[in-house]
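query-v8.txt follows; it contains compact mmCIF, C-alpha atoms.
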# COMPACT_ATOMS: atom_id res chain seq x y z
CA ASN A 185 191.40 101.91 29.32
CA LYS A 186 194.74 103.70 29.16
CA VAL A 187 197.02 101.26 30.98
CA GLY A 188 195.15 97.95 30.81
CA LEU A 189 193.27 95.90 33.38
CA ASN A 190 196.40 93.97 34.40
CA SER A 191 198.16 97.11 35.64
CA LEU A 192 198.65 97.43 39.39
CA CYS A 193 196.06 99.71 41.04
CA LEU A 194 197.06 101.23 44.39
CA ASP A 195 194.32 102.55 46.70
CA LEU A 196 195.74 105.10 49.17
CA SER A 197 192.52 105.97 51.01
CA ASP A 198 191.64 104.68 54.45
CA PHE A 199 189.09 101.92 53.98
CA SER A 200 189.12 100.07 50.65
CA LEU A 201 186.23 101.64 48.75
CA CYS A 202 188.27 102.76 45.72
CA GLY A 203 190.11 99.45 45.51
CA ILE A 204 186.84 97.51 45.76
CA LEU A 205 185.26 99.57 42.98
CA ALA A 206 188.33 99.08 40.79
CA SER A 207 188.13 95.32 41.27
CA LEU A 208 184.42 95.23 40.56
CA HIS A 209 185.08 97.09 37.30
CA GLY A 210 187.64 94.55 36.12
CA ALA A 211 191.04 95.53 37.57
CA ARG A 212 192.99 92.29 38.10
CA SER A 213 195.69 93.54 40.47
CA VAL A 214 194.63 95.80 43.35
CA VAL A 215 196.49 96.76 46.53
CA SER A 216 194.63 98.79 49.15
CA LEU A 217 196.62 100.65 51.82
CA GLU A 218 195.07 100.90 55.30
CA SER A 219 196.95 103.41 57.45
CA THR A 220 194.60 103.52 60.44
CA SER A 221 195.49 101.59 63.57
CA GLY A 222 193.37 99.06 65.41
CA GLU A 223 191.38 96.10 64.18
CA LEU A 224 188.06 97.73 63.26
CA PRO A 225 189.14 99.39 59.96
CA MET A 226 190.81 96.18 58.83
CA ILE A 227 187.77 94.08 59.74
CA ALA A 228 185.44 96.49 57.91
CA ALA A 229 187.65 96.33 54.82
CA ARG A 230 187.74 92.53 54.93
CA VAL A 231 183.95 92.34 55.31
CA ALA A 232 183.54 94.60 52.28
CA GLN A 233 186.02 92.46 50.36
CA ILE A 234 184.15 89.25 51.18
CA GLY A 235 180.75 90.83 50.61
CA ASN A 236 181.77 91.80 47.09
CA GLU A 237 183.27 88.37 46.41
CA LEU A 238 186.78 89.68 45.92
CA PRO A 239 189.15 88.81 44.50
CA LYS A 240 187.51 87.81 41.26
CA GLU A 241 188.72 84.80 39.31
CA SER A 242 192.24 85.26 37.90
CA ALA A 243 192.60 88.49 39.88
CA ASP A 244 194.41 89.63 43.01
CA PHE A 245 193.05 91.88 45.75
CA GLN A 246 194.98 92.54 48.95
CA ILE A 247 194.89 94.95 51.87
CA ILE A 248 198.15 96.13 53.41
CA GLN A 249 198.02 97.76 56.84
CA CYS A 250 200.93 100.19 57.04
CA HIS A 251 201.79 103.85 56.73
CA SER A 252 202.59 105.13 53.27
CA GLU A 253 206.18 105.97 54.19
CA ASN A 254 206.75 102.23 54.70
CA LEU A 255 205.34 101.34 51.30
CA THR A 256 208.17 100.56 48.88
CA LEU A 257 208.58 98.82 45.55
CA GLU A 258 209.60 95.65 47.44
CA VAL A 259 206.29 95.65 49.37
CA LEU A 260 204.50 95.81 46.01
CA ALA A 261 206.40 92.72 44.85
CA GLY A 262 208.61 94.76 42.55
CA THR A 263 205.76 96.12 40.45
CA PRO A 264 205.27 99.91 40.41
CA ALA A 265 201.66 101.08 40.47
CA LYS A 266 200.32 102.46 37.19
CA VAL A 267 197.00 103.64 38.65
CA VAL A 268 196.66 105.35 42.03
CA LEU A 269 193.20 105.74 43.56
CA SER A 270 191.99 107.87 46.45
CA GLU A 271 188.68 109.26 47.73
CA PRO A 272 190.72 110.95 49.30
CA TYR A 273 189.75 110.20 52.90
CA TYR A 274 192.01 109.86 55.94
CA GLU A 275 190.60 109.18 59.39
CA LYS A 276 192.90 111.58 61.23
CA LEU A 277 192.12 114.43 58.80
CA GLU A 278 188.34 114.02 58.74
CA GLY A 279 186.70 117.41 58.27
CA TRP A 280 189.93 119.07 57.08
CA HIS A 281 189.56 118.65 53.32
CA LEU A 282 192.33 121.04 52.32
CA GLN A 283 194.76 119.00 54.41
CA GLU A 284 193.38 115.80 52.85
CA ALA A 285 194.16 117.18 49.38
CA PHE A 286 197.67 118.18 50.47
CA ASN A 287 198.24 114.83 52.16
CA TYR A 288 197.39 112.90 48.98
CA TYR A 289 199.79 115.12 47.01
CA TYR A 290 202.62 114.42 49.47
CA LEU A 291 201.85 110.68 49.45
CA LEU A 292 202.21 110.63 45.67
CA ARG A 293 205.42 112.65 45.79
CA GLY A 294 206.94 110.33 48.39
CA LEU A 295 205.91 107.12 46.63
CA ARG A 296 207.22 108.36 43.29
CA SER A 297 210.57 109.29 44.83
CA ARG A 298 210.90 105.73 46.18
CA GLY A 299 210.09 104.16 42.83
CA ALA A 300 206.75 102.72 43.99
CA LEU A 301 204.88 104.49 41.16
CA ASP A 302 205.30 104.04 37.43
CA ASN A 303 206.92 106.98 35.66
CA HIS A 304 203.67 107.57 33.77
CA PHE A 305 201.19 106.65 36.50
CA ILE A 306 197.61 107.90 36.41
CA SER A 307 195.95 109.38 39.49
CA ILE A 308 192.24 109.30 40.24
CA PRO A 309 191.41 112.07 41.12
CA THR A 310 193.54 113.89 38.55
CA ARG A 311 193.61 117.36 40.11
CA ALA A 312 192.52 119.25 43.19
CA HIS A 313 191.48 122.89 42.89
CA VAL A 314 191.76 125.00 46.05
CA MET A 315 188.71 127.28 45.82
CA ALA A 316 187.67 130.26 47.93
CA CYS A 317 185.20 133.09 48.46
CA PHE A 318 185.32 136.19 50.69
CA ILE A 319 182.35 136.48 53.03
CA GLU A 320 180.51 138.72 55.46
CA SER A 321 179.42 137.03 58.67
CA LYS A 322 179.21 138.94 61.93
CA THR A 323 177.76 135.81 63.54
CA ILE A 324 180.78 133.62 62.75
CA PHE A 325 183.25 136.41 63.51
CA ASN A 326 181.74 136.99 66.96
CA ALA A 327 181.27 133.28 67.72
CA TYR A 328 184.91 132.44 67.04
CA ASN A 329 186.59 135.42 68.65
CA VAL A 330 187.50 136.76 72.07
CA CYS A 331 184.82 137.34 74.69
CA GLY A 332 184.52 139.46 77.80
CA ASP A 333 185.76 142.95 78.60
CA SER A 334 189.25 144.39 78.13
CA ASN A 335 190.41 142.26 81.06
CA ASN A 336 188.92 139.06 79.58
CA ASP A 337 186.34 139.11 82.38
CA ILE A 338 182.69 137.99 82.24
CA CYS A 339 180.70 138.25 85.49
CA GLY A 340 183.88 137.88 87.50
CA PHE A 341 185.17 134.86 85.58
CA ASP A 342 188.54 135.08 83.85
CA HIS A 343 188.35 134.02 80.18
CA SER A 344 191.97 134.76 79.26
CA THR A 345 192.78 131.08 78.67
CA VAL A 346 189.79 130.67 76.36
CA ASN A 347 190.59 133.90 74.54
CA ALA A 348 194.16 132.78 73.92
CA PHE A 349 192.68 130.18 71.56
CA ALA A 350 189.69 132.19 70.36
CA ALA A 351 191.86 135.05 69.10
CA ARG A 352 193.88 132.95 66.65
CA TYR A 353 191.50 132.36 63.73
CA HIS A 354 193.11 135.12 61.67
CA GLU A 355 196.25 132.94 61.74
CA HIS A 356 194.76 129.43 61.67
CA ASP A 357 191.88 127.79 59.84
CA LEU A 358 188.52 127.04 61.37
CA SER A 359 186.77 123.86 60.20
CA ILE A 360 182.97 124.19 60.38
CA PRO A 361 179.94 123.06 58.34
CA LEU A 362 179.37 126.49 56.82
CA TRP A 363 176.14 125.33 55.16
CA GLN A 364 174.56 125.24 58.62
CA TYR A 365 175.07 129.02 58.71
CA SER A 366 173.34 129.49 55.34
CA ASN A 367 171.32 132.49 56.54
CA LYS A 368 174.19 133.84 58.67
CA TYR A 369 176.74 134.73 56.01
CA SER A 370 176.84 136.50 52.67
CA GLU A 371 179.21 135.92 49.74
CA LEU A 372 180.88 139.21 48.79
CA THR A 373 182.97 137.88 45.87
CA GLY A 374 182.54 135.20 43.26
CA PHE A 375 184.10 131.77 43.65
CA PHE A 376 187.75 131.79 42.61
CA GLU A 377 190.69 129.42 42.38
CA ILE A 378 193.77 129.93 44.55
CA ALA A 379 195.94 126.97 43.57
CA VAL A 380 195.82 123.66 41.68
CA LEU A 381 197.42 120.40 42.78
CA ASP A 382 198.16 118.33 39.66
CA TYR A 383 198.32 114.77 40.93
CA ASP A 384 199.29 113.16 37.62
CA ASN A 385 202.41 115.29 37.33
CA VAL A 386 202.85 115.92 41.10
CA THR A 387 203.10 119.69 40.63
CA ILE A 388 201.39 122.74 42.14
CA THR A 389 200.37 125.86 40.20
CA GLY A 390 199.47 129.13 41.88
CA ASN A 391 201.61 128.34 44.92
CA ASN A 392 202.66 131.45 46.86
CA VAL A 393 201.17 133.77 44.23
CA TRP A 394 198.99 136.75 45.14
CA LYS A 395 195.46 136.61 43.75
CA GLU A 396 193.33 139.73 43.35
CA VAL A 397 189.56 139.24 43.55
CA PRO A 398 186.96 141.92 42.74
CA LEU A 399 184.13 142.53 45.16
CA GLN A 400 180.61 141.95 43.85
CA LYS A 401 178.56 143.54 46.62
CA ARG A 402 178.85 145.98 49.51
CA GLY A 403 179.18 144.80 53.06
CA THR A 404 181.74 144.06 55.76
CA VAL A 405 184.44 141.56 54.89
CA HIS A 406 184.96 139.28 57.88
CA GLY A 407 186.98 136.53 56.25
CA ILE A 408 187.24 133.88 53.57
CA PHE A 409 186.08 130.29 53.25
CA LEU A 410 187.83 127.54 51.33
CA TRP A 411 186.95 124.18 49.85
CA VAL A 412 188.39 121.65 47.41
CA THR A 413 187.09 120.66 43.96
CA TYR A 414 188.45 117.39 42.56
CA ASP A 415 188.65 116.47 38.86
CA PHE A 416 187.92 112.87 37.88
CA PRO A 417 188.56 111.65 34.31
CA LEU A 418 185.74 110.03 32.35
CA ASN A 419 186.08 107.31 29.72
CA LYS A 420 184.79 109.53 26.93
CA HIS A 421 186.79 112.31 25.28
CA LYS A 422 185.89 115.91 24.65
CA ASP A 423 187.11 117.12 21.23
CA ASP A 424 190.91 117.26 21.18
CA ASP A 425 191.34 118.68 24.67
CA GLY A 426 191.90 115.30 26.33
CA ASP A 427 189.68 113.57 28.81
CA ALA A 428 186.37 115.04 29.80
CA MET A 429 186.17 115.60 33.54
CA THR A 430 183.57 115.30 36.22
CA THR A 431 184.03 117.04 39.54
CA LEU A 432 183.39 116.49 43.23
CA HIS A 433 183.60 119.40 45.62
CA THR A 434 183.43 119.95 49.38
CA ARG A 435 181.60 123.29 49.22
CA TYR A 436 178.25 122.08 50.55
CA ARG A 437 176.82 119.42 52.83
CA PRO A 438 177.78 117.02 54.24
CA TYR A 439 181.30 118.44 54.28
CA ASN A 440 183.02 120.95 56.51
CA GLN A 441 184.59 124.04 54.98
CA LEU A 442 187.63 125.96 56.17
CA VAL A 443 187.18 129.56 57.33
CA ARG A 444 189.94 132.11 57.90
CA LEU A 445 188.93 135.38 59.60
CA LEU A 446 190.41 138.83 59.24
CA GLU A 447 191.90 140.18 62.44
CA VAL A 448 189.95 143.41 61.85
CA PRO A 449 186.87 143.36 59.56
CA VAL A 450 186.79 145.84 56.66
CA GLU A 451 183.60 147.72 55.78
CA ILE A 452 183.08 148.24 52.05
CA ASP A 453 181.14 151.34 51.00
CA ASP A 454 182.08 151.28 47.30
CA ILE A 455 183.09 147.97 45.69
CA ASN A 456 185.04 149.85 43.03
CA ASP A 457 187.43 151.29 45.62
CA TYR A 458 188.54 147.98 47.19
CA SER A 459 189.90 144.59 46.21
CA CYS A 460 190.35 141.40 48.16
CA VAL A 461 193.76 139.77 47.79
CA CYS A 462 195.05 136.45 49.05
CA ARG A 463 197.78 133.89 48.56
CA VAL A 464 198.47 130.42 49.83
CA ALA A 465 201.92 128.94 50.40
CA ILE A 466 201.95 125.13 50.31
CA GLY A 467 205.00 123.37 51.72
CA ASN A 468 208.15 124.80 53.36
CA VAL A 469 206.00 126.60 55.95
CA GLU A 470 207.18 127.46 59.45
CA ASP A 471 205.87 125.86 62.65
CA PHE A 472 205.00 122.59 60.92
CA GLU A 473 201.88 124.05 59.31
CA THR A 474 200.52 122.40 56.16
CA HIS A 475 200.12 125.78 54.49
CA GLN A 476 200.17 129.51 55.08
CA LEU A 477 197.22 131.62 54.00
CA GLU A 478 197.30 135.42 53.81
CA ILE A 479 194.19 137.50 53.17
CA LYS A 480 193.80 141.27 52.89
CA VAL A 481 191.21 143.84 51.87
CA GLN A 482 192.85 147.01 50.54
CA LYS A 483 192.22 150.18 48.64
CA LYS A 484 192.98 149.55 44.99
CA SER A 485 195.48 152.42 45.00
CA THR A 486 197.53 150.72 47.75
CA LEU A 487 197.47 147.08 46.66
CA LEU A 488 200.57 145.27 47.92
CA PHE A 489 200.10 141.89 46.24
CA GLN A 490 202.25 142.90 43.26
CA SER A 491 205.31 143.59 45.41

Structure re-expressed in structure tokens:
Amino acid sequence: NKVGLNSLCLDLSDFSLCGILASLHGARSVVSLESTSGELPMIAARVAQIGNELPKESADFQIIQCHSENLTLEVLAGTPAKVVLSEPYYEKLEGWHLQEAFNYYYLLRGLRSRGALDNHFISIPTRAHVMACFIESKTIFNAYNVCGDSNNDICGFDHSTVNAFAARYHEHDLSIPLWQYSNKYSELTGFFEIAVLDYDNVTITGNNVWKEVPLQKRGTVHGIFLWVTYDFPLNKHKDDDGDAMTTLHTRYRPYNQLVRLLEVPVEIDDINDYSCVCRVAIGNVEDFETHQLEIKVQKKSTLLFQS
């Protein structure tokens, strides 16, 4: 409605679902990018295209198999995309939804810098909110931690190699379907927002900023879990605030969530004496990581997040 049905729509998700839906709803110029290798994804996309009788009359629908870094204005026949679509889903990042959200942001930033996107392009989804909650879960903490005695020994078997990986989940994320542990963890804080990726403007708010979160119940803080909530614009408007939004989140089934554990759990006797603090740094991170997440539980009198 904003840019017209003749505007070029670019689908950046693996498989062509968004592009197919755009065509079925009247878009007359759709390009779907397929970054996966092999013939099967391309065949599946073609079958879906044929099954939906695309392209429609006086319309164009095409699938381009290439990586996004190879997509330029010339590949798009000199026409910058005014609408960019994404589920977002990428085969190699399946189950890592935070990385999927970051990947889409970087795709948009790269395409815009190469002139492949219109200066006033619209993204669907519009924003991604990085959400989190501190939790208690002795089960998860013990399951994804070191095992054996002080010598990494269990019944005479050396587990030092296994423990070298098991002892790293205070530094790296763990991707698990947390909803399968529904009776094995307890939420100690409310849900809160760490950062927002604004896809329309290709900006990030809350990046590398400490966030203080009050505790809501007593317990032992073992870590934090994260998910992504996407905003999608609707056709209707809400007062004078702009587009009304609907959301899709990865907090429950069938999605995985990301869990980051504390190196040493913190027992909370009085919720008024402690606060949970965290910050996420997105981009410019060492060791080729997509992000850096820091979490702490501290006495309110010694909070360091303001420094």

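With all atoms listed in the file as the basis for measurement, A:Asp415 is the residue among A:Glu447, A:Glu218, A:Asp415, A:Asp453 that approaches Ser307 (chain A) most closely.
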
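You will find CA of Asn303 (chain A) at 14.9 Å from CA of Asp382 (chain A).
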
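For Lys368 (chain A), the non-local neighbours within 12 Å, defined as residues at least 5 positions apart in the same chain or in other chains and counting only C-alpha atoms, are A:Ile319, A:Glu320, A:Ser321, A:Lys322, A:Thr323, A:Ile324, A:Phe325, A:Asn326, A:Ala327, A:Leu362, A:Trp363.
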
Could you give me, as a tab-separated table, every region 259-294 of chain A residue with an atom at most 8 Å from region 198-201 of chain A, plus its closest atom pair and distance in Å to one decimal, counting only C-alpha atoms, rows ordered by chain then number?
residue	atom	partner	partner_atom	distance
A:Tyr273	CA	A:Asp198	CA	6.0
A:Tyr274	CA	A:Asp198	CA	5.4
A:Glu275	CA	A:Asp198	CA	6.8

Would you compute the box with edges along x, y and z of the file around region 348-360 of chain A, including every atom the file lists for it and 8 Å extra on each side, and give its centre and edge lengths in Å to one decimal, as JSON?
{"center_x": 189.6, "center_y": 129.5, "center_z": 66.9, "size_x": 29.3, "size_y": 27.3, "size_z": 30.1}

Practice prompt. Figure out the distance between CA of Thr474 (chain A) and CA of Ser297 (chain A), please, to one decimal in Å.
Written response: 20.0 Å

Worksheet entry | Residues near region 257-263 of chain A, cut-off 8 Å, all atoms listed in the file, skip fewer than 6 positions along chain, as a VMD selection string | chain A and resid 192 298 to 300

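Between CA of Arg463 (chain A) and CA of Glu396 (chain A) the separation is 9.0 Å.
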
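Remark: for Val461 (chain A), the closest of the candidate residues A:Arg437, A:Leu445, A:Ser191, A:Trp394 is A:Trp394 (distances computed over all atoms listed in the file).
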
Worksheet item: With all atoms listed in the file as the basis for distance, which of A:Val215, A:Val267, A:Val464, A:Ala206 is at the shortest distance from Ile388 (chain A)?
Response: A:Val464

Worksheet item: Could you name the residues that touch Asp457 (chain A) at 12 Å or less, counting only C-alpha atoms, but leaving out those on the same chain fewer than 6 positions away, as a ChimeraX atom specification?
Response: /A:398-402,451,481-487
